[in-house]
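The file query_30.cif comes next; it holds mmCIF, C-alpha atoms and all ligand atoms.
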```cif
data_data
loop_
_atom_site.label_atom_id
_atom_site.label_comp_id
_atom_site.auth_asym_id
_atom_site.auth_seq_id
_atom_site.Cartn_x
_atom_site.Cartn_y
_atom_site.Cartn_z
CA MET A 1 0.00 0.00 0.00
CA THR A 2 1.11 3.49 -0.78
CA ASP A 3 -0.80 6.69 -0.18
CA ARG A 4 -1.71 8.20 -3.53
CA LEU A 5 -5.36 8.74 -2.58
CA VAL A 6 -5.11 9.46 1.14
CA GLY A 7 -7.73 11.96 2.33
CA LYS A 8 -9.89 11.49 -0.77
CA THR A 9 -13.49 10.28 -0.88
CA ALA A 10 -14.43 8.17 -3.89
CA ILE A 11 -17.78 6.94 -5.16
CA VAL A 12 -17.53 3.86 -7.38
CA THR A 13 -20.77 2.80 -9.05
CA GLY A 14 -21.36 -0.86 -9.77
CA ALA A 15 -18.62 -1.84 -7.31
CA ALA A 16 -20.39 -4.80 -5.71
CA GLN A 17 -18.39 -7.07 -8.01
CA GLY A 18 -16.18 -7.26 -11.09
CA ILE A 19 -14.18 -4.31 -12.36
CA GLY A 20 -15.89 -1.87 -9.97
CA PHE A 21 -14.97 -3.97 -6.96
CA ALA A 22 -11.34 -4.16 -8.15
CA ILE A 23 -11.27 -0.37 -8.54
CA ALA A 24 -12.66 0.02 -5.01
CA GLU A 25 -10.04 -2.42 -3.72
CA CYS A 26 -7.18 -0.52 -5.42
CA PHE A 27 -8.52 2.83 -4.14
CA VAL A 28 -8.64 1.45 -0.58
CA ALA A 29 -5.08 0.20 -0.95
CA GLU A 30 -4.07 3.78 -1.78
CA GLY A 31 -5.80 5.20 1.29
CA ALA A 32 -9.12 6.50 -0.13
CA ARG A 33 -12.47 6.40 1.64
CA VAL A 34 -14.77 4.53 -0.72
CA ALA A 35 -18.52 4.34 -1.27
CA ILE A 36 -19.63 1.25 -3.15
CA ALA A 37 -22.79 2.39 -4.94
CA ASP A 38 -24.64 -0.52 -6.51
CA ILE A 39 -28.14 -1.75 -7.29
CA ASN A 40 -27.37 -5.13 -5.70
CA ARG A 41 -27.69 -4.61 -1.95
CA ASP A 42 -26.63 -8.08 -0.77
CA ARG A 43 -23.47 -8.21 -2.84
CA GLY A 44 -22.71 -4.54 -2.25
CA GLU A 45 -22.95 -4.84 1.51
CA ALA A 46 -20.78 -7.96 1.47
CA ALA A 47 -18.21 -6.23 -0.75
CA ALA A 48 -18.06 -3.19 1.54
CA ALA A 49 -17.76 -5.40 4.64
CA ARG A 50 -14.93 -7.34 3.01
CA LEU A 51 -12.92 -4.21 2.23
CA ALA A 52 -13.74 -2.57 5.58
CA SER A 53 -12.62 -5.62 7.55
CA GLU A 54 -9.01 -4.52 7.31
CA GLY A 55 -9.72 -1.12 8.83
CA ALA A 56 -10.47 0.93 5.69
CA THR A 57 -13.42 3.33 5.47
CA VAL A 58 -15.73 1.65 2.97
CA ILE A 59 -19.50 2.03 2.92
CA PHE A 60 -22.28 0.64 0.77
CA GLU A 61 -25.05 2.76 -0.70
CA ALA A 62 -27.90 1.31 -2.74
CA VAL A 63 -28.55 3.11 -6.02
CA ASP A 64 -30.06 2.65 -9.43
CA VAL A 65 -27.83 4.82 -11.61
CA ALA A 66 -30.52 4.84 -14.31
CA ASP A 67 -32.73 6.95 -12.05
CA GLN A 68 -31.65 10.49 -11.16
CA ALA A 69 -34.11 10.39 -8.22
CA SER A 70 -32.10 7.46 -6.81
CA VAL A 71 -28.66 8.92 -7.60
CA ASP A 72 -29.06 12.35 -5.96
CA PRO A 73 -29.99 11.06 -2.47
CA MET A 74 -27.24 8.43 -2.72
CA VAL A 75 -24.64 11.16 -3.20
CA SER A 76 -26.14 13.18 -0.31
CA ARG A 77 -25.90 10.15 1.99
CA VAL A 78 -22.26 9.58 0.97
CA VAL A 79 -21.50 13.23 1.79
CA GLN A 80 -23.04 12.82 5.26
CA ARG A 81 -21.32 9.53 5.99
CA ILE A 82 -17.79 9.89 4.59
CA GLY A 83 -17.55 13.42 3.21
CA ALA A 84 -18.02 15.21 -0.10
CA PRO A 85 -16.63 13.24 -3.04
CA ASP A 86 -13.29 13.99 -4.68
CA ILE A 87 -13.55 11.12 -7.17
CA LEU A 88 -16.42 9.53 -9.08
CA VAL A 89 -15.95 6.34 -11.04
CA ASN A 90 -18.87 5.67 -13.38
CA ASN A 91 -18.42 1.93 -13.68
CA ALA A 92 -21.97 0.49 -13.44
CA GLY A 93 -22.89 -0.91 -16.81
CA ILE A 94 -24.81 -3.69 -18.48
CA ALA A 95 -24.11 -5.58 -21.69
CA VAL A 96 -27.12 -5.60 -24.02
CA PHE A 97 -26.05 -7.59 -27.08
CA ARG A 98 -28.65 -8.05 -29.83
CA ASN A 99 -29.08 -7.95 -33.59
CA PRO A 100 -30.35 -4.49 -34.55
CA LEU A 101 -33.79 -5.58 -35.80
CA GLU A 102 -34.31 -7.87 -32.80
CA THR A 103 -33.65 -5.04 -30.37
CA THR A 104 -36.85 -4.15 -28.55
CA ALA A 105 -37.66 -0.66 -27.32
CA GLY A 106 -37.12 -2.05 -23.82
CA ASP A 107 -33.62 -3.38 -24.69
CA TRP A 108 -32.65 -0.01 -26.14
CA GLN A 109 -34.03 1.87 -23.14
CA ARG A 110 -32.39 -0.46 -20.58
CA CYS A 111 -28.99 -0.19 -22.29
CA PHE A 112 -28.98 3.58 -22.64
CA SER A 113 -30.49 4.27 -19.24
CA VAL A 114 -27.75 2.40 -17.38
CA ASP A 115 -24.75 2.74 -19.71
CA LEU A 116 -25.20 6.39 -20.70
CA ASP A 117 -27.87 8.17 -18.63
CA GLY A 118 -26.38 6.64 -15.47
CA VAL A 119 -22.97 8.16 -16.26
CA TRP A 120 -24.54 11.57 -16.73
CA TYR A 121 -26.81 11.36 -13.65
CA ALA A 122 -23.96 10.50 -11.27
CA SER A 123 -21.66 13.10 -12.87
CA ARG A 124 -24.38 15.71 -12.56
CA ALA A 125 -24.88 14.83 -8.89
CA VAL A 126 -21.19 15.18 -7.89
CA LEU A 127 -20.26 18.20 -10.03
CA PRO A 128 -21.68 20.80 -7.58
CA TYR A 129 -19.45 19.32 -4.83
CA PHE A 130 -16.42 19.35 -7.15
CA LEU A 131 -17.10 22.98 -8.11
CA GLU A 132 -17.39 23.93 -4.45
CA LYS A 133 -14.11 22.18 -3.60
CA GLY A 134 -12.39 23.59 -6.68
CA LYS A 135 -11.26 20.11 -7.74
CA GLY A 136 -12.48 16.67 -8.65
CA ASP A 137 -12.00 13.66 -10.89
CA ILE A 138 -14.50 11.71 -12.92
CA ILE A 139 -13.43 8.42 -14.46
CA ASN A 140 -15.84 6.75 -16.86
CA ILE A 141 -15.51 3.06 -17.63
CA ALA A 142 -16.00 2.90 -21.38
CA SER A 143 -15.00 -0.14 -23.45
CA THR A 144 -13.12 -1.19 -26.54
CA HIS A 145 -16.71 -1.16 -27.91
CA SER A 146 -16.33 2.65 -27.66
CA PHE A 147 -14.07 2.46 -30.74
CA LYS A 148 -14.84 -0.71 -32.66
CA ILE A 149 -17.95 -2.62 -33.61
CA ILE A 150 -18.48 -6.35 -33.16
CA PRO A 151 -21.60 -7.62 -35.02
CA HIS A 152 -24.60 -8.69 -32.90
CA CYS A 153 -23.54 -6.54 -29.93
CA PHE A 154 -26.14 -3.86 -30.63
CA PRO A 155 -26.84 -1.34 -29.03
CA TYR A 156 -24.11 -1.54 -26.33
CA PRO A 157 -21.33 -0.01 -28.48
CA ILE A 158 -23.50 2.99 -29.31
CA ALA A 159 -23.89 3.79 -25.62
CA LYS A 160 -20.17 3.20 -25.03
CA HIS A 161 -19.24 5.51 -27.95
CA ALA A 162 -21.46 8.13 -26.33
CA VAL A 163 -19.70 7.69 -22.99
CA LEU A 164 -16.54 8.96 -24.70
CA GLY A 165 -18.47 11.95 -26.05
CA LEU A 166 -19.78 12.71 -22.58
CA THR A 167 -16.26 12.33 -21.15
CA ARG A 168 -14.86 14.89 -23.58
CA ALA A 169 -17.80 17.29 -23.30
CA LEU A 170 -17.64 17.46 -19.49
CA ALA A 171 -13.83 17.56 -19.51
CA ILE A 172 -13.76 20.63 -21.73
CA GLU A 173 -16.65 22.31 -19.94
CA TYR A 174 -14.92 22.10 -16.54
CA ALA A 175 -11.22 22.01 -17.44
CA ASP A 176 -10.56 25.50 -16.09
CA ARG A 177 -12.24 24.62 -12.78
CA ASN A 178 -9.65 21.97 -11.90
CA ILE A 179 -12.08 19.13 -12.65
CA ARG A 180 -10.72 16.34 -14.81
CA VAL A 181 -12.84 13.85 -16.73
CA ASN A 182 -11.20 10.81 -18.27
CA ALA A 183 -12.18 7.33 -19.39
CA ILE A 184 -10.76 3.83 -19.35
CA ALA A 185 -11.66 1.42 -22.15
CA PRO A 186 -11.17 -2.15 -20.96
CA GLY A 187 -11.04 -5.01 -23.40
CA TYR A 188 -12.02 -8.56 -22.41
CA THR A 189 -11.68 -8.63 -18.63
CA ALA A 190 -12.13 -11.71 -16.46
CA THR A 191 -15.20 -10.79 -14.46
CA GLU A 192 -18.08 -13.08 -13.54
CA ILE A 193 -20.02 -12.16 -16.68
CA VAL A 194 -17.13 -13.25 -18.87
CA GLU A 195 -16.58 -16.42 -16.82
CA ARG A 196 -20.30 -17.20 -17.28
CA ILE A 197 -20.03 -16.75 -21.05
CA PHE A 198 -17.15 -19.24 -21.05
CA ALA A 199 -19.00 -21.67 -18.77
CA GLU A 200 -22.19 -21.60 -20.84
CA SER A 201 -20.45 -22.16 -24.16
CA PRO A 202 -20.55 -25.70 -25.61
CA ASP A 203 -16.83 -26.21 -24.95
CA PRO A 204 -15.72 -23.82 -22.17
CA ALA A 205 -12.03 -24.74 -22.37
CA ALA A 206 -11.95 -24.23 -26.16
CA THR A 207 -13.82 -20.92 -25.88
CA ARG A 208 -11.36 -19.71 -23.26
CA ARG A 209 -8.39 -20.76 -25.41
CA ALA A 210 -9.86 -19.07 -28.50
CA THR A 211 -10.55 -15.87 -26.57
CA ASN A 212 -7.05 -15.80 -25.11
CA ALA A 213 -5.63 -16.33 -28.60
CA LEU A 214 -7.39 -13.19 -29.89
CA HIS A 215 -5.01 -11.14 -27.74
CA PRO A 216 -1.37 -10.39 -28.58
CA VAL A 217 -0.53 -11.06 -24.91
CA LYS A 218 -2.41 -14.42 -25.15
CA ARG A 219 -4.68 -13.83 -22.21
CA ILE A 220 -7.61 -11.65 -21.20
CA GLY A 221 -7.35 -8.84 -18.65
CA ARG A 222 -7.68 -8.98 -14.89
CA PRO A 223 -10.00 -6.57 -13.05
CA GLU A 224 -7.17 -5.12 -10.94
CA GLU A 225 -5.40 -4.12 -14.18
CA ILE A 226 -8.26 -1.67 -14.69
CA GLY A 227 -8.19 -0.73 -11.00
CA TRP A 228 -4.58 0.45 -11.04
CA ALA A 229 -5.21 2.61 -14.12
CA ALA A 230 -8.13 4.19 -12.26
CA VAL A 231 -5.80 4.92 -9.31
CA PHE A 232 -3.39 6.66 -11.69
CA LEU A 233 -6.16 8.76 -13.28
CA ALA A 234 -7.53 9.73 -9.85
CA SER A 235 -4.09 10.64 -8.51
CA ASP A 236 -2.12 13.85 -8.85
CA GLU A 237 0.25 11.98 -11.19
CA ALA A 238 -2.40 12.47 -13.91
CA ARG A 239 -2.98 16.16 -13.18
CA PHE A 240 -2.37 17.30 -16.80
CA MET A 241 -4.62 14.60 -18.26
CA THR A 242 -8.20 15.31 -19.12
CA ALA A 243 -10.65 14.41 -21.92
CA GLU A 244 -8.56 11.29 -22.49
CA CYS A 245 -9.24 7.57 -22.67
CA ILE A 246 -6.80 4.81 -21.73
CA VAL A 247 -7.35 1.57 -23.66
CA ILE A 248 -6.42 -1.55 -21.68
CA ASP A 249 -6.88 -4.58 -23.91
CA GLY A 250 -3.58 -6.48 -24.09
CA GLY A 251 -2.88 -4.94 -27.48
CA ARG A 252 -5.94 -6.45 -29.17
CA SER A 253 -7.22 -3.29 -30.82
CA ALA A 254 -3.83 -2.59 -32.39
CA LEU A 255 -3.79 -6.02 -34.01
CA PHE A 256 -4.53 -6.23 -37.72
CA HIS A 257 -6.88 -9.19 -38.31
CA GLU A 258 -6.64 -10.71 -41.78
N1 LIG A 301 -15.80 -7.33 -18.20
C1 LIG A 301 -15.43 -6.87 -19.40
O1 LIG A 301 -14.87 -7.60 -20.22
C2 LIG A 301 -15.66 -5.40 -19.77
C3 LIG A 301 -15.03 -4.91 -20.91
C4 LIG A 301 -15.20 -3.57 -21.26
C5 LIG A 301 -15.98 -2.73 -20.47
N2 LIG A 301 -16.58 -3.25 -19.36
C6 LIG A 301 -17.39 -2.30 -18.56
O2 LIG A 301 -16.91 -2.32 -17.23
C7 LIG A 301 -17.97 -2.04 -16.33
C8 LIG A 301 -18.06 -3.14 -15.28
O3 LIG A 301 -18.23 -4.39 -15.94
P1 LIG A 301 -18.11 -5.79 -15.18
O4 LIG A 301 -17.66 -6.79 -16.17
O5 LIG A 301 -17.37 -5.64 -13.91
O6 LIG A 301 -19.68 -6.07 -14.91
P2 LIG A 301 -20.43 -6.82 -13.73
O7 LIG A 301 -21.76 -7.21 -14.27
O8 LIG A 301 -19.57 -7.88 -13.12
O9 LIG A 301 -20.65 -5.67 -12.64
C9 LIG A 301 -21.50 -4.60 -12.89
C10 LIG A 301 -22.01 -4.06 -11.57
O10 LIG A 301 -22.89 -2.97 -11.86
C11 LIG A 301 -24.04 -3.09 -11.07
N3 LIG A 301 -25.17 -2.44 -11.74
C12 LIG A 301 -25.81 -2.86 -12.86
N4 LIG A 301 -26.82 -2.03 -13.14
C13 LIG A 301 -26.81 -1.06 -12.20
C14 LIG A 301 -27.62 0.08 -11.96
N5 LIG A 301 -28.65 0.38 -12.74
N6 LIG A 301 -27.31 0.88 -10.90
C15 LIG A 301 -26.27 0.57 -10.09
N7 LIG A 301 -25.48 -0.51 -10.26
C16 LIG A 301 -25.76 -1.31 -11.30
C17 LIG A 301 -24.24 -4.59 -10.90
O11 LIG A 301 -25.06 -4.90 -9.76
C18 LIG A 301 -22.81 -5.08 -10.75
O12 LIG A 301 -22.39 -5.06 -9.41
C19 LIG A 301 -19.24 -1.90 -17.20
O13 LIG A 301 -19.47 -0.54 -17.48
C20 LIG A 301 -18.86 -2.64 -18.46
O14 LIG A 301 -19.60 -2.18 -19.59
C21 LIG A 301 -16.45 -4.56 -18.98
#
```
Write-out of the structure in structure tokens:
Amino acid sequence: MTDRLVGKTAIVTGAAQGIGFAIAECFVAEGARVAIADINRDRGEAAAARLASEGATVIFEAVDVADQASVDPMVSRVVQRIGAPDILVNNAGIAVFRNPLETTAGDWQRCFSVDLDGVWYASRAVLPYFLEKGKGDIINIASTHSFKIIPHCFPYPIAKHAVLGLTRALAIEYADRNIRVNAIAPGYTATEIVERIFAESPDPAATRRATNALHPVKRIGRPEEIGWAAVFLASDEARFMTAECIVIDGGRSALFHE
């Protein structure tokens, strides 16, 4: 443990598991107070208890990021319990993968409400605190789907492209107020969702091997490899970085596929 985030309060959405939990874990290791804000109360409380058991300040707050009326009171409760936020990580997200013409209005709405509206609602809720403090960091978890299209993954990449637009728009709007807004675009990362996709495929071992082989580094990513990038972006080491996106995909998007 070092102390790159000592004295800072962070809200990480969707941190009950997966990449969000790894980000929370890395933030705690660097001395931050962390609010795990997630729609899943049971897992969120367990995740907070696990991180708090070693003496760190970690709380759970229930929230549906797709609903501004749920997000605003969540941020107010965090302020009361562990102080006004210095860092927001917009990590909560869902994968809605369909063919375009099979996408129902409900699929479209569900995808955009969580993956895009949720990023805006939480950003909107913390920005007044950041403006008052004269500083703050927003880190949006985008995706390699923010840059490239894989067929039958509609409409998820559209929302993730828009997350980059939102990142840049807010970054420029608030750059002269000492508020930085950046994104991280993970590639294939070994979270439960990905493990389930492997497990449910006809030949899990072959699917895993094929997926690993798609990557120049011959493996998929680990959640903490996103977490440490988030620590960097939230730290003073990244103080001249804003409106930027770090791609973390083991080199896959630089690879030319024949
Ligand atoms: N795993 C990957 O390969 C991968 C790759 C690129 C980008 N991402 C992005 O990383 C982020 C995290 O992905 P993950 O794989 O850890 O997913 P995950 O499903 O393991 O975790 C997502 C978390 O978000 C929470 N959540 C979902 N909807 C919510 C809502 N409306 N309000 C609050 N919380 C909500 C869930 O309860 C869960 O705890 C997502 O934005 C995802 O799009 C993941």
- Task: Would you list the residues that come within 8 Å of ligand LIG 301 (chain A)? Count only C-alpha atoms and all ligand atoms and give the answer as an MDAnalysis selection string.
- Result: chainID A and resid 13:21 37:40 43:44 62:67 90:95 113:115 118 141:145 160 185:194 221 223
- Counting all atoms listed in the file, which residues come within 12 Å of (-23.0, 8.0, -1.7), with the point read in the file's coordinates, and could you list them as an NGL selection string? :A and (9-13 or 33-38 or 58-65 or 70-89 or 122 or 125-126)
Restrict the selected residues to C-alpha atoms and save them as an mmCIF file, keeping the file's coordinate frame.
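Now in result-v4.cif:
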```cif
data_model
loop_
_atom_site.group_PDB
_atom_site.id
_atom_site.type_symbol
_atom_site.label_atom_id
_atom_site.label_comp_id
_atom_site.auth_asym_id
_atom_site.auth_seq_id
_atom_site.Cartn_x
_atom_site.Cartn_y
_atom_site.Cartn_z
ATOM 1 C CA THR A 9 -13.490 10.280 -0.880
ATOM 2 C CA ALA A 10 -14.430 8.170 -3.890
ATOM 3 C CA ILE A 11 -17.780 6.940 -5.160
ATOM 4 C CA VAL A 12 -17.530 3.860 -7.380
ATOM 5 C CA THR A 13 -20.770 2.800 -9.050
ATOM 6 C CA ARG A 33 -12.470 6.400 1.640
ATOM 7 C CA VAL A 34 -14.770 4.530 -0.720
ATOM 8 C CA ALA A 35 -18.520 4.340 -1.270
ATOM 9 C CA ILE A 36 -19.630 1.250 -3.150
ATOM 10 C CA ALA A 37 -22.790 2.390 -4.940
ATOM 11 C CA ASP A 38 -24.640 -0.520 -6.510
ATOM 12 C CA VAL A 58 -15.730 1.650 2.970
ATOM 13 C CA ILE A 59 -19.500 2.030 2.920
ATOM 14 C CA PHE A 60 -22.280 0.640 0.770
ATOM 15 C CA GLU A 61 -25.050 2.760 -0.700
ATOM 16 C CA ALA A 62 -27.900 1.310 -2.740
ATOM 17 C CA VAL A 63 -28.550 3.110 -6.020
ATOM 18 C CA ASP A 64 -30.060 2.650 -9.430
ATOM 19 C CA VAL A 65 -27.830 4.820 -11.610
ATOM 20 C CA SER A 70 -32.100 7.460 -6.810
ATOM 21 C CA VAL A 71 -28.660 8.920 -7.600
ATOM 22 C CA ASP A 72 -29.060 12.350 -5.960
ATOM 23 C CA PRO A 73 -29.990 11.060 -2.470
ATOM 24 C CA MET A 74 -27.240 8.430 -2.720
ATOM 25 C CA VAL A 75 -24.640 11.160 -3.200
ATOM 26 C CA SER A 76 -26.140 13.180 -0.310
ATOM 27 C CA ARG A 77 -25.900 10.150 1.990
ATOM 28 C CA VAL A 78 -22.260 9.580 0.970
ATOM 29 C CA VAL A 79 -21.500 13.230 1.790
ATOM 30 C CA GLN A 80 -23.040 12.820 5.260
ATOM 31 C CA ARG A 81 -21.320 9.530 5.990
ATOM 32 C CA ILE A 82 -17.790 9.890 4.590
ATOM 33 C CA GLY A 83 -17.550 13.420 3.210
ATOM 34 C CA ALA A 84 -18.020 15.210 -0.100
ATOM 35 C CA PRO A 85 -16.630 13.240 -3.040
ATOM 36 C CA ASP A 86 -13.290 13.990 -4.680
ATOM 37 C CA ILE A 87 -13.550 11.120 -7.170
ATOM 38 C CA LEU A 88 -16.420 9.530 -9.080
ATOM 39 C CA VAL A 89 -15.950 6.340 -11.040
ATOM 40 C CA ALA A 122 -23.960 10.500 -11.270
ATOM 41 C CA ALA A 125 -24.880 14.830 -8.890
ATOM 42 C CA VAL A 126 -21.190 15.180 -7.890
#
```
- Item | Distance criterion (all atoms listed in the file): nearest to His161 in chain A out of A:Ala47, A:Val119, A:Ala69, A:Lys148 |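 For His161 in chain A, the nearest of the given residues is A:Lys148.
In this structure, CA of Asp107 in chain A sits 16.4 Å away from CA of Pro151 in chain A.
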- Pick from A:Tyr174, A:Ala48, A:Gly165, A:Glu54: nearest to Pro128 in chain A, with only C-alpha atoms counted?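 Result for the nearest residue to Pro128 in chain A: A:Tyr174.
Taking all atoms listed in the file into account, the protein, DNA and RNA residues within 12 Å of (-29.9, -2.5, -37.3) read A:Arg98, A:Asn99, A:Pro100, A:Leu101, A:Glu102, A:Thr103, A:Thr104, A:Trp108, A:Pro151, A:His152, A:Cys153, A:Phe154, A:Pro155, A:Ile158.
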- Message: Could you list, as a list in words, every residue within 6 Å of Thr242 in chain A, counting all atoms listed in the file and ignoring same-chain residues fewer than 6 positions away?
- Response: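 Listed by chain and then number, they are Arg180, Val181 and Asn182 of chain A.
Comparing the minimum interatomic distances between Ala183 in chain A and each of A:Ala169, A:Ala205, A:Val217, A:Ala243, counting all atoms listed in the file, we find that A:Ala243 sits nearest.
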- Note on the structure: Taken to one decimal, the CA of Lys135 in chain A-CA of Glu25 in chain A distance is 22.9 Å
